[in-house]
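Some notes on the structure that comes next.
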Amino acid sequence: VAVPAPAPKPEQPRQVTVAPGDSFWSIAADEAGERELIRYWRALIEANRERLVDPTNPDLLYPDQVLVLP
């Protein structure tokens, strides 16, 4: 009797923890790789807007805040 293979686990989104002095721009510069920096920076902000203390102010990040990488 064949046993079905387990369903693959959904891939967990990559995350980064904000360090003192980090900004969306500095994180984007570290993570963008070959992607266009400005587009990646905008995608990073939008991917994390709901996680922000003030969703209208992406400049307000706190150390130890966890952000999702697009």
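Please note that chains go A, B, ... in the order of the structure tokens, that every chain numbers its residues from 1, and that ligands are numbered from 1 in the order shown.
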Tell me which protein, DNA and RNA residues are within 9 Å of segment 16-22 of chain A, counting only C-alpha atoms, leaving out same-chain ones fewer than 3 positions away, and put them as a ChimeraX atom specification.
/A:25-27,61-69
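Relative to atom CA of Pro70 of chain A, atom CA of Arg39 of chain A is found at 10.7 Å.
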Report the residues of chain A whose backbone DSSP state falls under strand (DSSP E or B), written as an MDAnalysis selection string.
chainID A and resid 15:17 66:68
Hey, what does DSSP flag as alpha helix (DSSP H) within chain A? Can you give it to me as a PDB file with all heavy atoms, in the first residue's frame?
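Listing of states-v2.pdb after writing:
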ATOM      1  N   PHE A  24      14.264  51.845   6.290  1.00  0.00           N
ATOM      2  CA  PHE A  24      13.832  51.038   5.153  1.00  0.00           C
ATOM      3  C   PHE A  24      14.873  51.120   4.035  1.00  0.00           C
ATOM      4  O   PHE A  24      15.138  50.142   3.355  1.00  0.00           O
ATOM      5  CB  PHE A  24      12.461  51.480   4.641  1.00  0.00           C
ATOM      6  CG  PHE A  24      11.317  50.849   5.381  1.00  0.00           C
ATOM      7  CD1 PHE A  24      10.490  51.601   6.192  1.00  0.00           C
ATOM      8  CD2 PHE A  24      11.058  49.501   5.265  1.00  0.00           C
ATOM      9  CE1 PHE A  24       9.429  51.019   6.864  1.00  0.00           C
ATOM     10  CE2 PHE A  24      10.010  48.900   5.924  1.00  0.00           C
ATOM     11  CZ  PHE A  24       9.195  49.675   6.729  1.00  0.00           C
ATOM     12  N   TRP A  25      15.464  52.286   3.849  1.00  0.00           N
ATOM     13  CA  TRP A  25      16.452  52.453   2.783  1.00  0.00           C
ATOM     14  C   TRP A  25      17.679  51.586   3.046  1.00  0.00           C
ATOM     15  O   TRP A  25      18.164  50.903   2.138  1.00  0.00           O
ATOM     16  CB  TRP A  25      16.846  53.920   2.636  1.00  0.00           C
ATOM     17  CG  TRP A  25      17.731  54.128   1.449  1.00  0.00           C
ATOM     18  CD1 TRP A  25      19.087  54.263   1.445  1.00  0.00           C
ATOM     19  CD2 TRP A  25      17.334  54.167   0.074  1.00  0.00           C
ATOM     20  NE1 TRP A  25      19.556  54.395   0.156  1.00  0.00           N
ATOM     21  CE2 TRP A  25      18.491  54.347  -0.697  1.00  0.00           C
ATOM     22  CE3 TRP A  25      16.104  54.084  -0.567  1.00  0.00           C
ATOM     23  CZ2 TRP A  25      18.464  54.442  -2.084  1.00  0.00           C
ATOM     24  CZ3 TRP A  25      16.083  54.181  -1.949  1.00  0.00           C
ATOM     25  CH2 TRP A  25      17.249  54.355  -2.697  1.00  0.00           C
ATOM     26  N   SER A  26      18.196  51.604   4.278  1.00  0.00           N
ATOM     27  CA  SER A  26      19.404  50.820   4.567  1.00  0.00           C
ATOM     28  C   SER A  26      19.126  49.321   4.465  1.00  0.00           C
ATOM     29  O   SER A  26      19.962  48.557   3.978  1.00  0.00           O
ATOM     30  CB  SER A  26      19.980  51.178   5.936  1.00  0.00           C
ATOM     31  OG  SER A  26      19.125  50.789   6.995  1.00  0.00           O
ATOM     32  N   ILE A  27      17.946  48.910   4.906  1.00  0.00           N
ATOM     33  CA  ILE A  27      17.582  47.491   4.795  1.00  0.00           C
ATOM     34  C   ILE A  27      17.436  47.111   3.319  1.00  0.00           C
ATOM     35  O   ILE A  27      17.922  46.070   2.885  1.00  0.00           O
ATOM     36  CB  ILE A  27      16.299  47.193   5.583  1.00  0.00           C
ATOM     37  CG1 ILE A  27      16.555  47.396   7.080  1.00  0.00           C
ATOM     38  CG2 ILE A  27      15.791  45.783   5.302  1.00  0.00           C
ATOM     39  CD1 ILE A  27      15.304  47.422   7.938  1.00  0.00           C
ATOM     40  N   ALA A  28      16.781  47.966   2.543  1.00  0.00           N
ATOM     41  CA  ALA A  28      16.621  47.701   1.111  1.00  0.00           C
ATOM     42  C   ALA A  28      17.982  47.613   0.431  1.00  0.00           C
ATOM     43  O   ALA A  28      18.214  46.727  -0.401  1.00  0.00           O
ATOM     44  CB  ALA A  28      15.761  48.787   0.463  1.00  0.00           C
ATOM     45  N   ALA A  29      18.898  48.492   0.793  1.00  0.00           N
ATOM     46  CA  ALA A  29      20.235  48.477   0.184  1.00  0.00           C
ATOM     47  C   ALA A  29      20.956  47.166   0.498  1.00  0.00           C
ATOM     48  O   ALA A  29      21.670  46.626  -0.349  1.00  0.00           O
ATOM     49  CB  ALA A  29      21.054  49.669   0.671  1.00  0.00           C
ATOM     50  N   ASP A  30      20.748  46.637   1.701  1.00  0.00           N
ATOM     51  CA  ASP A  30      21.382  45.373   2.087  1.00  0.00           C
ATOM     52  C   ASP A  30      20.738  44.165   1.408  1.00  0.00           C
ATOM     53  O   ASP A  30      21.408  43.169   1.148  1.00  0.00           O
ATOM     54  CB  ASP A  30      21.294  45.167   3.605  1.00  0.00           C
ATOM     55  CG  ASP A  30      22.193  46.104   4.380  1.00  0.00           C
ATOM     56  OD1 ASP A  30      23.112  46.707   3.775  1.00  0.00           O
ATOM     57  OD2 ASP A  30      21.980  46.244   5.602  1.00  0.00           O
ATOM     58  N   GLU A  31      19.446  44.223   1.137  1.00  0.00           N
ATOM     59  CA  GLU A  31      18.691  43.058   0.691  1.00  0.00           C
ATOM     60  C   GLU A  31      18.341  43.039  -0.793  1.00  0.00           C
ATOM     61  O   GLU A  31      17.951  42.005  -1.315  1.00  0.00           O
ATOM     62  CB  GLU A  31      17.389  42.944   1.500  1.00  0.00           C
ATOM     63  CG  GLU A  31      17.596  42.759   2.988  1.00  0.00           C
ATOM     64  CD  GLU A  31      18.189  41.412   3.339  1.00  0.00           C
ATOM     65  OE1 GLU A  31      18.043  40.448   2.550  1.00  0.00           O
ATOM     66  OE2 GLU A  31      18.825  41.312   4.393  1.00  0.00           O
ATOM     67  N   LEU A  37      17.008  49.147  -6.686  1.00  0.00           N
ATOM     68  CA  LEU A  37      16.919  49.548  -5.288  1.00  0.00           C
ATOM     69  C   LEU A  37      15.640  50.327  -4.959  1.00  0.00           C
ATOM     70  O   LEU A  37      14.964  50.024  -3.982  1.00  0.00           O
ATOM     71  CB  LEU A  37      18.157  50.348  -4.895  1.00  0.00           C
ATOM     72  CG  LEU A  37      18.247  50.783  -3.436  1.00  0.00           C
ATOM     73  CD1 LEU A  37      18.110  49.602  -2.482  1.00  0.00           C
ATOM     74  CD2 LEU A  37      19.544  51.524  -3.178  1.00  0.00           C
ATOM     75  N   ILE A  38      15.290  51.300  -5.760  1.00  0.00           N
ATOM     76  CA  ILE A  38      14.109  52.119  -5.448  1.00  0.00           C
ATOM     77  C   ILE A  38      12.841  51.265  -5.480  1.00  0.00           C
ATOM     78  O   ILE A  38      12.001  51.381  -4.593  1.00  0.00           O
ATOM     79  CB  ILE A  38      13.998  53.331  -6.395  1.00  0.00           C
ATOM     80  CG1 ILE A  38      15.143  54.307  -6.095  1.00  0.00           C
ATOM     81  CG2 ILE A  38      12.648  54.022  -6.252  1.00  0.00           C
ATOM     82  CD1 ILE A  38      15.222  55.488  -7.027  1.00  0.00           C
ATOM     83  N   ARG A  39      12.712  50.393  -6.462  1.00  0.00           N
ATOM     84  CA  ARG A  39      11.527  49.522  -6.519  1.00  0.00           C
ATOM     85  C   ARG A  39      11.484  48.580  -5.327  1.00  0.00           C
ATOM     86  O   ARG A  39      10.430  48.341  -4.749  1.00  0.00           O
ATOM     87  CB  ARG A  39      11.507  48.714  -7.807  1.00  0.00           C
ATOM     88  CG  ARG A  39      11.105  49.521  -8.992  1.00  0.00           C
ATOM     89  CD  ARG A  39      10.928  48.645 -10.199  1.00  0.00           C
ATOM     90  NE  ARG A  39      10.636  49.479 -11.353  1.00  0.00           N
ATOM     91  CZ  ARG A  39      10.615  49.043 -12.584  1.00  0.00           C
ATOM     92  NH1 ARG A  39      10.855  47.780 -12.841  1.00  0.00           N
ATOM     93  NH2 ARG A  39      10.346  49.859 -13.569  1.00  0.00           N
ATOM     94  N   TYR A  40      12.635  48.027  -4.950  1.00  0.00           N
ATOM     95  CA  TYR A  40      12.679  47.118  -3.798  1.00  0.00           C
ATOM     96  C   TYR A  40      12.348  47.869  -2.510  1.00  0.00           C
ATOM     97  O   TYR A  40      11.611  47.373  -1.666  1.00  0.00           O
ATOM     98  CB  TYR A  40      14.055  46.449  -3.692  1.00  0.00           C
ATOM     99  CG  TYR A  40      14.073  45.392  -2.620  1.00  0.00           C
ATOM    100  CD1 TYR A  40      13.541  44.134  -2.864  1.00  0.00           C
ATOM    101  CD2 TYR A  40      14.589  45.658  -1.362  1.00  0.00           C
ATOM    102  CE1 TYR A  40      13.520  43.160  -1.879  1.00  0.00           C
ATOM    103  CE2 TYR A  40      14.581  44.699  -0.374  1.00  0.00           C
ATOM    104  CZ  TYR A  40      14.039  43.451  -0.632  1.00  0.00           C
ATOM    105  OH  TYR A  40      14.016  42.496   0.346  1.00  0.00           O
ATOM    106  N   TRP A  41      12.873  49.076  -2.359  1.00  0.00           N
ATOM    107  CA  TRP A  41      12.601  49.914  -1.189  1.00  0.00           C
ATOM    108  C   TRP A  41      11.098  50.169  -1.050  1.00  0.00           C
ATOM    109  O   TRP A  41      10.533  50.002   0.024  1.00  0.00           O
ATOM    110  CB  TRP A  41      13.390  51.219  -1.338  1.00  0.00           C
ATOM    111  CG  TRP A  41      13.069  52.300  -0.369  1.00  0.00           C
ATOM    112  CD1 TRP A  41      13.402  52.342   0.961  1.00  0.00           C
ATOM    113  CD2 TRP A  41      12.386  53.521  -0.639  1.00  0.00           C
ATOM    114  NE1 TRP A  41      12.956  53.512   1.517  1.00  0.00           N
ATOM    115  CE2 TRP A  41      12.333  54.255   0.547  1.00  0.00           C
ATOM    116  CE3 TRP A  41      11.823  54.055  -1.786  1.00  0.00           C
ATOM    117  CZ2 TRP A  41      11.724  55.507   0.637  1.00  0.00           C
ATOM    118  CZ3 TRP A  41      11.219  55.301  -1.698  1.00  0.00           C
ATOM    119  CH2 TRP A  41      11.185  56.004  -0.501  1.00  0.00           C
ATOM    120  N   ARG A  42      10.450  50.522  -2.154  1.00  0.00           N
ATOM    121  CA  ARG A  42       8.995  50.757  -2.123  1.00  0.00           C
ATOM    122  C   ARG A  42       8.231  49.476  -1.780  1.00  0.00           C
ATOM    123  O   ARG A  42       7.280  49.500  -0.996  1.00  0.00           O
ATOM    124  CB  ARG A  42       8.516  51.302  -3.469  1.00  0.00           C
ATOM    125  CG  ARG A  42       8.936  52.724  -3.706  1.00  0.00           C
ATOM    126  CD  ARG A  42       8.440  53.237  -5.038  1.00  0.00           C
ATOM    127  NE  ARG A  42       8.892  54.603  -5.247  1.00  0.00           N
ATOM    128  CZ  ARG A  42       9.188  55.107  -6.421  1.00  0.00           C
ATOM    129  NH1 ARG A  42       9.090  54.363  -7.513  1.00  0.00           N
ATOM    130  NH2 ARG A  42       9.589  56.345  -6.537  1.00  0.00           N
ATOM    131  N   ALA A  43       8.646  48.355  -2.365  1.00  0.00           N
ATOM    132  CA  ALA A  43       7.992  47.074  -2.082  1.00  0.00           C
ATOM    133  C   ALA A  43       8.178  46.676  -0.619  1.00  0.00           C
ATOM    134  O   ALA A  43       7.260  46.142   0.010  1.00  0.00           O
ATOM    135  CB  ALA A  43       8.547  45.982  -3.006  1.00  0.00           C
ATOM    136  N   LEU A  44       9.343  46.959  -0.066  1.00  0.00           N
ATOM    137  CA  LEU A  44       9.626  46.666   1.336  1.00  0.00           C
ATOM    138  C   LEU A  44       8.705  47.463   2.253  1.00  0.00           C
ATOM    139  O   LEU A  44       8.122  46.914   3.197  1.00  0.00           O
ATOM    140  CB  LEU A  44      11.096  46.982   1.637  1.00  0.00           C
ATOM    141  CG  LEU A  44      11.591  46.729   3.048  1.00  0.00           C
ATOM    142  CD1 LEU A  44      11.470  45.261   3.421  1.00  0.00           C
ATOM    143  CD2 LEU A  44      13.039  47.206   3.184  1.00  0.00           C
ATOM    144  N   ILE A  45       8.534  48.733   1.970  1.00  0.00           N
ATOM    145  CA  ILE A  45       7.627  49.571   2.777  1.00  0.00           C
ATOM    146  C   ILE A  45       6.205  49.028   2.683  1.00  0.00           C
ATOM    147  O   ILE A  45       5.535  48.837   3.702  1.00  0.00           O
ATOM    148  CB  ILE A  45       7.688  51.044   2.330  1.00  0.00           C
ATOM    149  CG1 ILE A  45       9.052  51.643   2.691  1.00  0.00           C
ATOM    150  CG2 ILE A  45       6.557  51.847   2.975  1.00  0.00           C
ATOM    151  CD1 ILE A  45       9.298  53.023   2.108  1.00  0.00           C
ATOM    152  N   GLU A  46       5.726  48.765   1.476  1.00  0.00           N
ATOM    153  CA  GLU A  46       4.349  48.298   1.310  1.00  0.00           C
ATOM    154  C   GLU A  46       4.125  46.936   1.954  1.00  0.00           C
ATOM    155  O   GLU A  46       3.060  46.685   2.521  1.00  0.00           O
ATOM    156  CB  GLU A  46       3.954  48.280  -0.163  1.00  0.00           C
ATOM    157  CG  GLU A  46       3.788  49.669  -0.753  1.00  0.00           C
ATOM    158  CD  GLU A  46       2.910  50.595   0.076  1.00  0.00           C
ATOM    159  OE1 GLU A  46       1.799  50.177   0.513  1.00  0.00           O
ATOM    160  OE2 GLU A  46       3.317  51.749   0.310  1.00  0.00           O
ATOM    161  N   ALA A  47       5.109  46.060   1.894  1.00  0.00           N
ATOM    162  CA  ALA A  47       4.973  44.732   2.491  1.00  0.00           C
ATOM    163  C   ALA A  47       4.861  44.804   4.011  1.00  0.00           C
ATOM    164  O   ALA A  47       4.365  43.870   4.643  1.00  0.00           O
ATOM    165  CB  ALA A  47       6.163  43.863   2.098  1.00  0.00           C
ATOM    166  N   ASN A  48       5.291  45.919   4.590  1.00  0.00           N
ATOM    167  CA  ASN A  48       5.324  46.044   6.048  1.00  0.00           C
ATOM    168  C   ASN A  48       4.457  47.162   6.599  1.00  0.00           C
ATOM    169  O   ASN A  48       4.467  47.421   7.799  1.00  0.00           O
ATOM    170  CB  ASN A  48       6.776  46.254   6.495  1.00  0.00           C
ATOM    171  CG  ASN A  48       7.569  45.002   6.311  1.00  0.00           C
ATOM    172  OD1 ASN A  48       7.453  44.065   7.077  1.00  0.00           O
ATOM    173  ND2 ASN A  48       8.364  44.955   5.239  1.00  0.00           N
TER     174      ASN A  48
END
Between atom CA of Arg51 of chain A and atom CA of Glu11 of chain A - distance in Å to one decimal:
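Between atom CA of Glu11 of chain A and atom CA of Arg51 of chain A the gap is 20.0 Å.
Here atom CA of Gln15 of chain A stands at a distance of 13.3 Å from atom CA of Ala32 of chain A.
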